[in-house]
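Written out below as structure tokens is the structure these notes cover.
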Amino acid sequence: MDDRSRELADFLRTRRARITPDQAGLPVDGRARRVPGLRRDEVARLAGVSTEYYTRLEQGRAHNPSSEVVEALASTLQLDPSEREHLTDLLTRPAAARRASTAPQRVRPGLHLMLQTLDHVPAFVLGRRTDVLASNRLAREVLTDFDALPVPRRNLARYYLLDPEARQRVGDWQRIAAETVAVLRLEAGRYPHDRQLADLVGELTLRSPEFSTWWSDHRVLRRTHGTKCYHHPLVGDLYFSYESFQAPGDTDQTLCVYNVEPASDTVQALRLLTSWTAPQQNPLPHTQPTTPPAGAS
């Protein structure tokens, strides 16, 4: 079994293991269960396919199932939108799988301008592999100064999982870090031949104590919106409702905006943070008044 087939097999096994017969609407049959969740024959029956076909599918030996079969499996396994997307990616024939471009990603001038316009809240642009392609000043103050890092190290997953400061600064760190791993897992299914992503996964596996456990869960996630809290050393706790938007013309770039409730403590804290960390303006050079020449009126 190749890596792609193993990935599909593990994903299907973990998804069916989490669903009980009762949740699937199956009657109790009295048979002893050696594994948690649904059996292969139960998944097959609920999806309307043969047990042999489902077994071949789970083993990576049945390629390009019809859209009807994929939808039936997604419904049977009660997959959410991110999981449905991941299943479709995994069922794509390896020869036709998407390949991520190796060229550096560039942020359009218009997106850079938008980041500067959003100067009252943190905002940044993520690329493939959660690379931080651009960020405004508040994003660099609230999270970390990505601009001060070498370009290859400007990565949100690397920050959350490997930077010791992140564990102190990110509220509910475990949830946020695990969700970020799920984002990477979704991208790995979409771009199985991305060498840079494979290198990042290898680095996180070696250096993060929690990464391997979260990675083996096969959880996938496409971030669209949610909440986050950061503990800032200067202004205290900051609470955000974030929204993520795919950049028009480039689905591999995502604009992330951390919104705040009007008149909230976070609004006041961000104003303080902005004033305390604003770049110093160079004053105009001081000039002495000109002394009029003797005899001048």
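Convention: chains lettered A, B, ... in structure tokens order; per-chain residue numbering from 1; ligands numbered from 1 as shown.
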Residues flagged strand (DSSP E) by DSSP in segment 175-295 of chain A, as a ChimeraX atom specification: /A:225-232,236-247,250-259
Enumerate, as a count of residues only, the complete set of residues in segment 56-251 of chain A that a backbone-based DSSP assignment places in helix (DSSP H, G or I). 100
Within 8 Å of segment 33-49 of chain A, counting only C-alpha atoms, which residues show up once you throw out same-chain ones fewer than 5 positions away? Write them as a list in words, please.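 Result of the neighbour search: Arg16, Ala17, Arg18, Ile19, Thr20, Pro21, Tyr54, Thr55, Val69, Ala72, Leu73, Ser75, Thr76 and Leu77 of chain A.
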The selected residues should be written to file as a JSON list (two decimals), in the first residue's frame (atoms: N, CA and C atoms).
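Done, and the output landed in result-v5.json:
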```json
[["chain", "number", "residue", "atom", "x", "y", "z"],
["A", 16, "ARG", "N", -15.03, 6.12, 10.60],
["A", 16, "ARG", "CA", -16.07, 5.15, 10.95],
["A", 16, "ARG", "C", -15.94, 4.71, 12.41],
["A", 17, "ALA", "N", -14.72, 4.81, 12.98],
["A", 17, "ALA", "CA", -14.52, 4.40, 14.37],
["A", 17, "ALA", "C", -15.22, 5.34, 15.35],
["A", 18, "ARG", "N", -15.49, 6.55, 14.92],
["A", 18, "ARG", "CA", -16.07, 7.53, 15.86],
["A", 18, "ARG", "C", -17.60, 7.49, 15.87],
["A", 19, "ILE", "N", -18.21, 6.73, 14.96],
["A", 19, "ILE", "CA", -19.67, 6.69, 14.85],
["A", 19, "ILE", "C", -20.18, 5.39, 15.43],
["A", 20, "THR", "N", -21.04, 5.48, 16.41],
["A", 20, "THR", "CA", -21.64, 4.28, 16.99],
["A", 20, "THR", "C", -22.80, 3.80, 16.13],
["A", 21, "PRO", "N", -23.15, 2.52, 16.22],
["A", 21, "PRO", "CA", -24.33, 2.04, 15.48],
["A", 21, "PRO", "C", -25.59, 2.82, 15.82],
["A", 54, "TYR", "N", -16.41, -1.57, -0.71],
["A", 54, "TYR", "CA", -15.97, -0.64, 0.32],
["A", 54, "TYR", "C", -14.61, -1.06, 0.87],
["A", 55, "THR", "N", -14.41, -2.36, 1.04],
["A", 55, "THR", "CA", -13.12, -2.84, 1.53],
["A", 55, "THR", "C", -12.00, -2.46, 0.57],
["A", 69, "VAL", "N", -21.29, 7.82, -5.00],
["A", 69, "VAL", "CA", -20.70, 6.98, -3.96],
["A", 69, "VAL", "C", -19.99, 7.84, -2.92],
["A", 72, "ALA", "N", -22.58, 9.39, -0.74],
["A", 72, "ALA", "CA", -23.18, 8.39, 0.15],
["A", 72, "ALA", "C", -22.24, 8.07, 1.32],
["A", 73, "LEU", "N", -20.94, 7.95, 1.02],
["A", 73, "LEU", "CA", -19.98, 7.69, 2.09],
["A", 73, "LEU", "C", -19.89, 8.88, 3.04],
["A", 75, "SER", "N", -22.15, 11.05, 3.75],
["A", 75, "SER", "CA", -23.35, 11.10, 4.59],
["A", 75, "SER", "C", -23.33, 10.00, 5.65],
["A", 76, "THR", "N", -22.91, 8.80, 5.24],
["A", 76, "THR", "CA", -22.86, 7.68, 6.18],
["A", 76, "THR", "C", -21.88, 7.94, 7.32],
["A", 77, "LEU", "N", -20.73, 8.50, 6.97],
["A", 77, "LEU", "CA", -19.70, 8.78, 7.97],
["A", 77, "LEU", "C", -19.89, 10.12, 8.66]]
```
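Closest to Leu255 of chain A among A:Asp131, A:Glu68, A:Glu165, A:Asp147 is A:Asp131, based on only C-alpha atoms.
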For atom CA of Ser212 of chain A and atom CA of Val181 of chain A, quote the distance in Å rounded to one decimal.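 Atom CA of Val181 of chain A lies at a distance of 9.5 Å from atom CA of Ser212 of chain A.
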Rank nothing, just name the residue among A:Lys228, A:Arg222, A:Arg31, A:Arg271 nearest to Ser82 of chain A, using only C-alpha atoms. A:Arg222
For Ala188 of chain A, list every protein, DNA or RNA residue within 10 Å, evaluated using only C-alpha atoms, and leave out those in the same chain fewer than 6 positions away; present the list as a PyMOL selection string. chain A and resi 7+86+89-90+129+182+194+197-198+201+220
Counting only C-alpha atoms, the residue among A:Arg137, A:Asp252, A:Leu113, A:Tyr160 that lies closest to Pro279 of chain A is A:Arg137
Using only C-alpha atoms, can you tell me which of A:Pro192, A:Pro248, A:Gly127, A:Pro262 comes closest to Asp2 of chain A?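 Closest to Asp2 of chain A of all the choices is A:Pro192.
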Which residues, written as a VMD selection string, have at least one atom at most 9 Å from Arg154 of chain A, with only C-alpha atoms counted and residues fewer than 3 positions away on the same chain left out? chain A and resid 130 to 133 146 to 151 158 to 159
Ranking A:His232, A:Ser216, A:Ala74, A:Glu203 by minimum distance to Leu272 of chain A and counting only C-alpha atoms, which one comes first?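 Smallest separation from Leu272 of chain A among the options: A:His232.
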